[in-house]
Amino acid sequence: MRNLLAADFFRQRKDILLKVAIILIAVFACIGCGLYYVVSLMLDETELAAEPFLNARYLYGSAFGISTDVGMIIPIFTGAIICKDFSMGTVRNKIIRGYARDSIFFSHLFSGMVFGCILFALYAAALLGLGTLVLGYGAEIDSEEIKFLVISFLAGMLSFAAMCAFESMIAVSTGSLGLTIVFYIALAIGLQMIQGIVSMITWLPEIVYEIMNYLPGNLMYSVMEGSKEWDVYAKSMLVSAVLLVAFALIGRVVFRKKDLK
Amino acid sequence: MAILQTYGLTKKYGAKLAVDNVNMCIEQGDIYGFVGENGAGKTTIIRLVSGLISPSSGGFTLFGVKNDDAAVIAARKQMSAVVEAPSVYLNMTAMDNLKTQCKILGVDFVSLEEYLKKVGLEDVISDKKKAKNFSLGMRQRLGIAMALIGEPKFIILDEPMNGLDPSGIVEMRELIHRLNREGVTFLISSHILEELSKVATKYGVISHGKLIRELTAEELHAEARRSVELTVDNVAGAKSLLMQTFPDISLEVKDETTLAVYSEINAGELVKALVTGGFTVVNVFSREENIEEFYMQLIGGEAHA
């Protein structure tokens, strides 16, 4: 497994996708901060003080969306990195050279999650850093605020890791990069649609609303508000962890039985 | 010692039998030539042995380990294979592909240039050209170079001559001979039978998923039909005359001027009979059936069985 991980990380470092993703993330972070800065220039001091959104903390929260601009870009690049070995047929080489399918699947899953989480971390850090520089942080930075940043960041990492697990599952099932990305987009948008529909129905069991509230995409709203209701983050992390394990297990079972061309 | 032994190996896709009860044996040191028409089941057997697909029934032992034993995964560390398209990362250079293979196998980046030289890719050692810009033959060579890393004892090559130019084919043949002398066992599937016959020490002939014959190169030589080929001015007349003169004769019209006689009849007697009958004999030579003809005869026999 260690050798496989070393090979996967080596492959990622050599892949142009990593460079392109980092450039795109930097561009989006600059554009996001730039637009907020332009809007802030249009407001006078009184209006600016009353405006709760023109600050780095709010911008930082926008990094947590799984169906927003960069929230979509990160999983697309991650999906491409995970899927390449399956779609190009290079995964066969690892089986032929004596690796168990479980080891191969989990090394892809883990290296893909690391790739996705690094991109998310870079974007969140860029928004936070640049935003603070040009707009100010937007709140007093005390121990509670640092706790908020750390916990929300960990919750965000876990939600992106769950999405990577979903992509790994689809990658091994279909062996197709295109389908992996299409399924991801369908999941990200579909979850929001289902959530919207569920919120309009009043007679469903309470657990359904609970799950809907803590799905990966919803974390964004809590972070944008700077919510310090820690149980929200705990539940969100729990739902992400359950999804991650479920997707990983399904992917592992599928890959174990799959005939490779 | 048997490197690979299959017993009743069968693979079904739905109702279709892709591999049907195959029993084959590859001994250490063999260069096993896998012969068969397109879709005969050669690649499916290679995939089964490589662990890419699972048998529907039957099985195999690899280095003495049964395929349903978890230890077969570790046994595969002693083998390598290039199955159909080589497992090459197209967005990487040749050198980076070799480095990735080293990482996978957990070996140091030592003498990587030598692997490229062995397969005739010395020109790309310090080249920044990505594998996606390589020709089919170059990718094939790179795939084989990657397969050599880790010093495998058993190498499976599926159509290794695909895309290679004539000098590449000669180099590949020499490489196979050299590695075989160093103790590497090969399973090679190829539809270029003439080329295969220059390296193979044993053959497995497969048709419609069934192994119809397994024989050594010596057995093939012993079984190959010998013929006397006669070039005459009138093939039809000569054929008719020879059939009248030698009632038990077995002969075949090869083309508009050539007759092949497979019976054990002295060439002098054949020529004498023809000349006496008024025919002009332009050329006479004896020859042995090659692998292609042997294969066609075997497949033909199977088809008519």
# chains A, B, ... in the order shown; residues from 1 in each chain; ligands from 1
>>> closest_atom_pairs(of="chain A", to="chain B", cutoff="12 Å", atoms="only C-alpha atoms", output="Markdown table")
| residue | atom | partner | partner_atom | distance |
| --- | --- | --- | --- | --- |
| A:Met1 | CA | B:Ile104 | CA | 9.1 |
| A:Arg2 | CA | B:Gly106 | CA | 8.6 |
| A:Asn3 | CA | B:Ile104 | CA | 5.1 |
| A:Leu4 | CA | B:Ile104 | CA | 5.2 |
| A:Leu5 | CA | B:Ile104 | CA | 8.3 |
| A:Ala6 | CA | B:Lys103 | CA | 6.1 |
| A:Ala7 | CA | B:Lys103 | CA | 4.9 |
| A:Asp8 | CA | B:Thr100 | CA | 8.2 |
| A:Phe9 | CA | B:Thr100 | CA | 9.6 |
| A:Phe10 | CA | B:Thr100 | CA | 6.9 |
| A:Arg11 | CA | B:Thr100 | CA | 6.9 |
| A:Gln12 | CA | B:Thr100 | CA | 10.7 |
| A:Arg13 | CA | B:Met92 | CA | 10.8 |
| A:Lys14 | CA | B:Met92 | CA | 7.2 |
| A:Asp15 | CA | B:Asn91 | CA | 7.0 |
| A:Ile16 | CA | B:Asn91 | CA | 8.2 |
| A:Leu17 | CA | B:Asn91 | CA | 10.2 |
| A:Ile81 | CA | B:Asn91 | CA | 11.9 |
| A:Lys84 | CA | B:Tyr89 | CA | 9.0 |
| A:Asp85 | CA | B:Tyr89 | CA | 8.3 |
| A:Phe86 | CA | B:Ser87 | CA | 10.7 |
| A:Ser87 | CA | B:Tyr89 | CA | 11.0 |
| A:Met88 | CA | B:Tyr89 | CA | 7.7 |
| A:Gly89 | CA | B:Ser87 | CA | 6.3 |
| A:Thr90 | CA | B:Ser87 | CA | 4.5 |
| A:Val91 | CA | B:Ser87 | CA | 7.7 |
| A:Arg92 | CA | B:Leu52 | CA | 6.7 |
| A:Asn93 | CA | B:Ser87 | CA | 6.0 |
| A:Lys94 | CA | B:Ile104 | CA | 7.3 |
| A:Ile95 | CA | B:Gly51 | CA | 6.6 |
| A:Ile96 | CA | B:Ser50 | CA | 5.1 |
| A:Arg97 | CA | B:Lys77 | CA | 5.0 |
| A:Gly98 | CA | B:Arg76 | CA | 4.5 |
| A:Tyr99 | CA | B:Ile73 | CA | 6.2 |
| A:Ala100 | CA | B:Ile73 | CA | 6.3 |
| A:Arg101 | CA | B:Ile73 | CA | 9.4 |
| A:Asp102 | CA | B:Ile73 | CA | 11.5 |
| A:Ser103 | CA | B:Ile73 | CA | 11.3 |
| A:Ile104 | CA | B:Ile104 | CA | 10.5 |
| A:Ser107 | CA | B:Ile104 | CA | 11.3 |
| A:Phe255 | CA | B:Leu52 | CA | 10.7 |
| A:Arg256 | CA | B:Ile53 | CA | 10.0 |
| A:Lys257 | CA | B:Ser54 | CA | 8.3 |
| A:Lys258 | CA | B:Ile53 | CA | 7.3 |
| A:Asp259 | CA | B:Ile53 | CA | 4.6 |
| A:Leu260 | CA | B:Leu52 | CA | 5.1 |
| A:Lys261 | CA | B:Leu52 | CA | 7.4 |
>>> closest_residue(among="A:Met113, A:Ala29, A:Leu177, A:Ile189", to="Ala125 (chain A)", atoms="only C-alpha atoms")
A:Ala29
>>> closest_residue(among="A:Ile211, A:Ile74, A:Leu149, A:Leu243", to="Leu122 (chain A)", atoms="only C-alpha atoms")
A:Ile74
>>> residues_around(residues="region 197-199 of chain A", least_positions_apart="4", cutoff="12 Å", atoms="only C-alpha atoms", output="list in words")
Gly190, Leu191, Gln192, Met193, Trp203, Leu204, Pro205, Glu206, Ile207, Val208, Tyr209, Glu210, Ile211, Met212 and Asn213 of chain A
>>> write_last_selection(atoms="all heavy atoms", output="compact mmCIF listing (two decimals), in the first residue's frame")
# COMPACT_ATOMS: atom_id res chain seq x y z
N GLY A 190 -28.28 17.42 -7.44
CA GLY A 190 -29.41 16.60 -7.00
C GLY A 190 -29.65 16.73 -5.51
O GLY A 190 -30.81 16.83 -5.07
N LEU A 191 -28.57 16.75 -4.74
CA LEU A 191 -28.74 16.86 -3.28
C LEU A 191 -29.44 18.16 -2.92
O LEU A 191 -30.31 18.19 -2.04
CB LEU A 191 -27.37 16.81 -2.59
CG LEU A 191 -26.74 15.43 -2.37
CD1 LEU A 191 -25.38 15.56 -1.70
CD2 LEU A 191 -27.65 14.55 -1.52
N GLN A 192 -29.08 19.23 -3.61
CA GLN A 192 -29.71 20.53 -3.32
C GLN A 192 -31.18 20.51 -3.71
O GLN A 192 -32.02 21.06 -3.00
CB GLN A 192 -28.97 21.62 -4.08
CG GLN A 192 -27.58 21.87 -3.51
CD GLN A 192 -27.16 23.31 -3.62
OE1 GLN A 192 -27.47 23.95 -4.62
NE2 GLN A 192 -26.47 23.80 -2.62
N MET A 193 -31.47 19.86 -4.86
CA MET A 193 -32.87 19.80 -5.29
C MET A 193 -33.70 18.97 -4.31
O MET A 193 -34.80 19.37 -3.92
CB MET A 193 -32.95 19.17 -6.70
CG MET A 193 -32.47 20.11 -7.78
SD MET A 193 -32.33 19.27 -9.37
CE MET A 193 -34.03 18.86 -9.69
N TRP A 203 -44.57 16.29 6.41
CA TRP A 203 -44.97 15.06 7.13
C TRP A 203 -43.88 13.98 7.21
O TRP A 203 -44.12 12.88 7.69
CB TRP A 203 -46.21 14.45 6.48
CG TRP A 203 -46.13 14.39 4.97
CD1 TRP A 203 -46.61 15.30 4.09
CD2 TRP A 203 -45.51 13.38 4.17
NE1 TRP A 203 -46.36 14.95 2.80
CE2 TRP A 203 -45.68 13.76 2.82
CE3 TRP A 203 -44.84 12.20 4.46
CZ2 TRP A 203 -45.19 13.00 1.76
CZ3 TRP A 203 -44.36 11.44 3.41
CH2 TRP A 203 -44.54 11.84 2.06
N LEU A 204 -42.67 14.31 6.77
CA LEU A 204 -41.62 13.28 6.80
C LEU A 204 -41.07 13.10 8.22
O LEU A 204 -41.15 14.02 9.04
CB LEU A 204 -40.47 13.69 5.86
CG LEU A 204 -40.77 13.61 4.37
CD1 LEU A 204 -39.66 14.28 3.57
CD2 LEU A 204 -40.90 12.15 3.92
N PRO A 205 -40.49 11.93 8.51
CA PRO A 205 -39.90 11.73 9.85
C PRO A 205 -38.78 12.74 10.12
O PRO A 205 -38.08 13.16 9.19
CB PRO A 205 -39.33 10.30 9.79
CG PRO A 205 -39.95 9.66 8.60
CD PRO A 205 -40.36 10.73 7.67
N GLU A 206 -38.61 13.07 11.38
CA GLU A 206 -37.66 14.10 11.79
C GLU A 206 -36.23 13.79 11.31
O GLU A 206 -35.48 14.70 10.92
CB GLU A 206 -37.69 14.22 13.32
CG GLU A 206 -37.01 15.47 13.87
CD GLU A 206 -37.58 16.78 13.32
OE1 GLU A 206 -38.81 16.85 13.02
OE2 GLU A 206 -36.79 17.71 13.14
N ILE A 207 -35.89 12.50 11.32
CA ILE A 207 -34.53 12.08 10.95
C ILE A 207 -34.17 12.51 9.52
O ILE A 207 -33.03 12.85 9.22
CB ILE A 207 -34.36 10.54 11.14
CG1 ILE A 207 -32.93 10.07 10.86
CG2 ILE A 207 -35.31 9.74 10.27
CD1 ILE A 207 -31.98 10.33 11.96
N VAL A 208 -35.17 12.51 8.64
CA VAL A 208 -34.92 12.90 7.24
C VAL A 208 -34.49 14.37 7.19
O VAL A 208 -33.51 14.72 6.50
CB VAL A 208 -36.18 12.67 6.37
CG1 VAL A 208 -35.96 13.16 4.94
CG2 VAL A 208 -36.58 11.21 6.39
N TYR A 209 -35.19 15.22 7.94
CA TYR A 209 -34.83 16.65 7.94
C TYR A 209 -33.44 16.84 8.56
O TYR A 209 -32.65 17.67 8.12
CB TYR A 209 -35.87 17.46 8.73
CG TYR A 209 -37.25 17.35 8.13
CD1 TYR A 209 -38.24 16.60 8.76
CD2 TYR A 209 -37.56 17.98 6.92
CE1 TYR A 209 -39.50 16.49 8.21
CE2 TYR A 209 -38.83 17.87 6.36
CZ TYR A 209 -39.79 17.11 7.00
OH TYR A 209 -41.03 16.99 6.46
N GLU A 210 -33.17 16.03 9.60
CA GLU A 210 -31.86 16.10 10.26
C GLU A 210 -30.74 15.79 9.25
O GLU A 210 -29.78 16.54 9.14
CB GLU A 210 -31.79 15.08 11.41
CG GLU A 210 -32.47 15.54 12.69
CD GLU A 210 -31.63 16.54 13.46
OE1 GLU A 210 -30.52 16.18 13.86
OE2 GLU A 210 -32.08 17.69 13.62
N ILE A 211 -30.94 14.67 8.54
CA ILE A 211 -29.90 14.27 7.57
C ILE A 211 -29.74 15.34 6.49
O ILE A 211 -28.63 15.73 6.14
CB ILE A 211 -30.25 12.89 6.94
CG1 ILE A 211 -30.12 11.79 8.00
CG2 ILE A 211 -29.32 12.57 5.75
CD1 ILE A 211 -30.65 10.44 7.57
N MET A 212 -30.88 15.84 6.01
CA MET A 212 -30.83 16.86 4.95
C MET A 212 -30.07 18.10 5.42
O MET A 212 -29.33 18.72 4.67
CB MET A 212 -32.25 17.26 4.53
CG MET A 212 -32.96 16.21 3.73
SD MET A 212 -32.15 15.97 2.15
CE MET A 212 -32.39 14.24 1.91
N ASN A 213 -30.27 18.44 6.69
CA ASN A 213 -29.63 19.65 7.22
C ASN A 213 -28.12 19.52 7.30
O ASN A 213 -27.42 20.53 7.30
CB ASN A 213 -30.18 19.96 8.62
CG ASN A 213 -31.54 20.61 8.53
OD1 ASN A 213 -31.89 21.16 7.49
ND2 ASN A 213 -32.33 20.50 9.58
>>> closest_residue(among="B:Leu274, B:Leu187, B:Leu98, B:Val124", to="Met24 (chain B)", atoms="only C-alpha atoms")
B:Leu187
>>> select_by_dssp(residues="region 101-247 of chain B", states="strand (DSSP E)", output="PyMOL selection string")
chain B and resi 154-158+185-189+202-207+210-216+226-232
>>> atom_distance(atom1="CA of Lys19 (chain A)", atom2="CA of Ile118 (chain A)")
12.4 Å
>>> closest_residue(among="B:Asn38, B:Ser190, B:Asn162, B:Thr245", to="Ala273 (chain B)", atoms="only C-alpha atoms")
B:Thr245
>>> decode(residues="region 62-85 of chain B", atoms="N, CA, C and O atoms", output="CSV table (one decimal), in the first residue's frame")
chain,number,residue,atom,x,y,z
B,62,LEU,N,0.0,-20.6,-10.3
B,62,LEU,CA,1.0,-19.7,-10.8
B,62,LEU,C,2.2,-19.8,-9.8
B,62,LEU,O,2.0,-19.6,-8.6
B,63,PHE,N,3.3,-20.2,-10.3
B,63,PHE,CA,4.5,-20.5,-9.4
B,63,PHE,C,4.0,-21.5,-8.3
B,63,PHE,O,4.4,-21.4,-7.1
B,64,GLY,N,3.1,-22.4,-8.6
B,64,GLY,CA,2.7,-23.4,-7.7
B,64,GLY,C,1.6,-23.0,-6.7
B,64,GLY,O,1.2,-23.8,-5.9
B,65,VAL,N,1.1,-21.8,-6.9
B,65,VAL,CA,0.1,-21.3,-6.0
B,65,VAL,C,-1.3,-21.2,-6.7
B,65,VAL,O,-1.3,-20.7,-7.8
B,66,LYS,N,-2.3,-21.8,-6.1
B,66,LYS,CA,-3.6,-21.9,-6.7
B,66,LYS,C,-4.2,-20.5,-6.8
B,66,LYS,O,-4.0,-19.6,-6.0
B,67,ASN,N,-5.0,-20.3,-7.9
B,67,ASN,CA,-5.6,-19.0,-8.1
B,67,ASN,C,-6.5,-18.5,-7.1
B,67,ASN,O,-6.7,-17.3,-6.9
B,68,ASP,N,-7.2,-19.5,-6.3
B,68,ASP,CA,-8.1,-19.0,-5.3
B,68,ASP,C,-7.4,-18.9,-3.9
B,68,ASP,O,-8.1,-18.6,-2.9
B,69,ASP,N,-6.1,-19.1,-3.9
B,69,ASP,CA,-5.3,-18.9,-2.7
B,69,ASP,C,-4.9,-17.4,-2.7
B,69,ASP,O,-4.5,-16.9,-3.7
B,70,ALA,N,-5.1,-16.8,-1.5
B,70,ALA,CA,-4.7,-15.3,-1.4
B,70,ALA,C,-3.2,-15.1,-1.8
B,70,ALA,O,-2.9,-14.0,-2.2
B,71,ALA,N,-2.4,-16.1,-1.6
B,71,ALA,CA,-1.0,-16.0,-1.9
B,71,ALA,C,-0.7,-15.8,-3.3
B,71,ALA,O,0.4,-15.4,-3.7
B,72,VAL,N,-1.7,-16.0,-4.2
B,72,VAL,CA,-1.4,-15.9,-5.7
B,72,VAL,C,-1.1,-14.4,-6.0
B,72,VAL,O,-0.4,-14.1,-6.9
B,73,ILE,N,-1.7,-13.5,-5.1
B,73,ILE,CA,-1.4,-12.0,-5.4
B,73,ILE,C,0.1,-11.8,-5.2
B,73,ILE,O,0.7,-11.1,-6.0
B,74,ALA,N,0.7,-12.4,-4.1
B,74,ALA,CA,2.1,-12.2,-3.9
B,74,ALA,C,2.9,-12.9,-5.0
B,74,ALA,O,4.0,-12.5,-5.4
B,75,ALA,N,2.4,-14.1,-5.4
B,75,ALA,CA,3.1,-14.8,-6.5
B,75,ALA,C,3.2,-14.0,-7.8
B,75,ALA,O,4.2,-14.1,-8.5
B,76,ARG,N,2.2,-13.1,-8.0
B,76,ARG,CA,2.3,-12.3,-9.2
B,76,ARG,C,3.4,-11.3,-9.2
B,76,ARG,O,3.7,-10.7,-10.2
B,77,LYS,N,4.0,-11.0,-8.0
B,77,LYS,CA,5.1,-10.1,-7.9
B,77,LYS,C,6.3,-10.6,-8.7
B,77,LYS,O,7.2,-9.8,-9.1
B,78,GLN,N,6.3,-11.9,-9.0
B,78,GLN,CA,7.4,-12.5,-9.8
B,78,GLN,C,7.1,-12.4,-11.3
B,78,GLN,O,7.8,-13.0,-12.1
B,79,MET,N,5.9,-11.9,-11.7
B,79,MET,CA,5.6,-11.9,-13.1
B,79,MET,C,5.3,-10.4,-13.6
B,79,MET,O,5.1,-9.5,-12.8
B,80,SER,N,5.2,-10.3,-14.9
B,80,SER,CA,4.8,-9.0,-15.4
B,80,SER,C,4.1,-9.3,-16.8
B,80,SER,O,4.2,-10.4,-17.3
B,81,ALA,N,3.4,-8.4,-17.3
B,81,ALA,CA,2.6,-8.6,-18.5
B,81,ALA,C,2.3,-7.3,-19.2
B,81,ALA,O,2.2,-6.3,-18.6
B,82,VAL,N,2.3,-7.4,-20.5
B,82,VAL,CA,1.8,-6.3,-21.3
B,82,VAL,C,0.6,-6.9,-22.1
B,82,VAL,O,0.8,-7.7,-23.0
B,83,VAL,N,-0.5,-6.5,-21.6
B,83,VAL,CA,-1.8,-7.0,-22.1
B,83,VAL,C,-2.4,-6.0,-23.1
B,83,VAL,O,-2.8,-4.9,-22.6
B,84,GLU,N,-2.6,-6.3,-24.3
B,84,GLU,CA,-3.1,-5.4,-25.3
B,84,GLU,C,-2.4,-4.1,-25.3
B,84,GLU,O,-1.2,-4.1,-25.5
B,85,ALA,N,-3.1,-3.0,-25.0
B,85,ALA,CA,-2.5,-1.7,-25.0
B,85,ALA,C,-1.6,-1.7,-23.8
B,85,ALA,O,-2.0,-2.0,-22.7
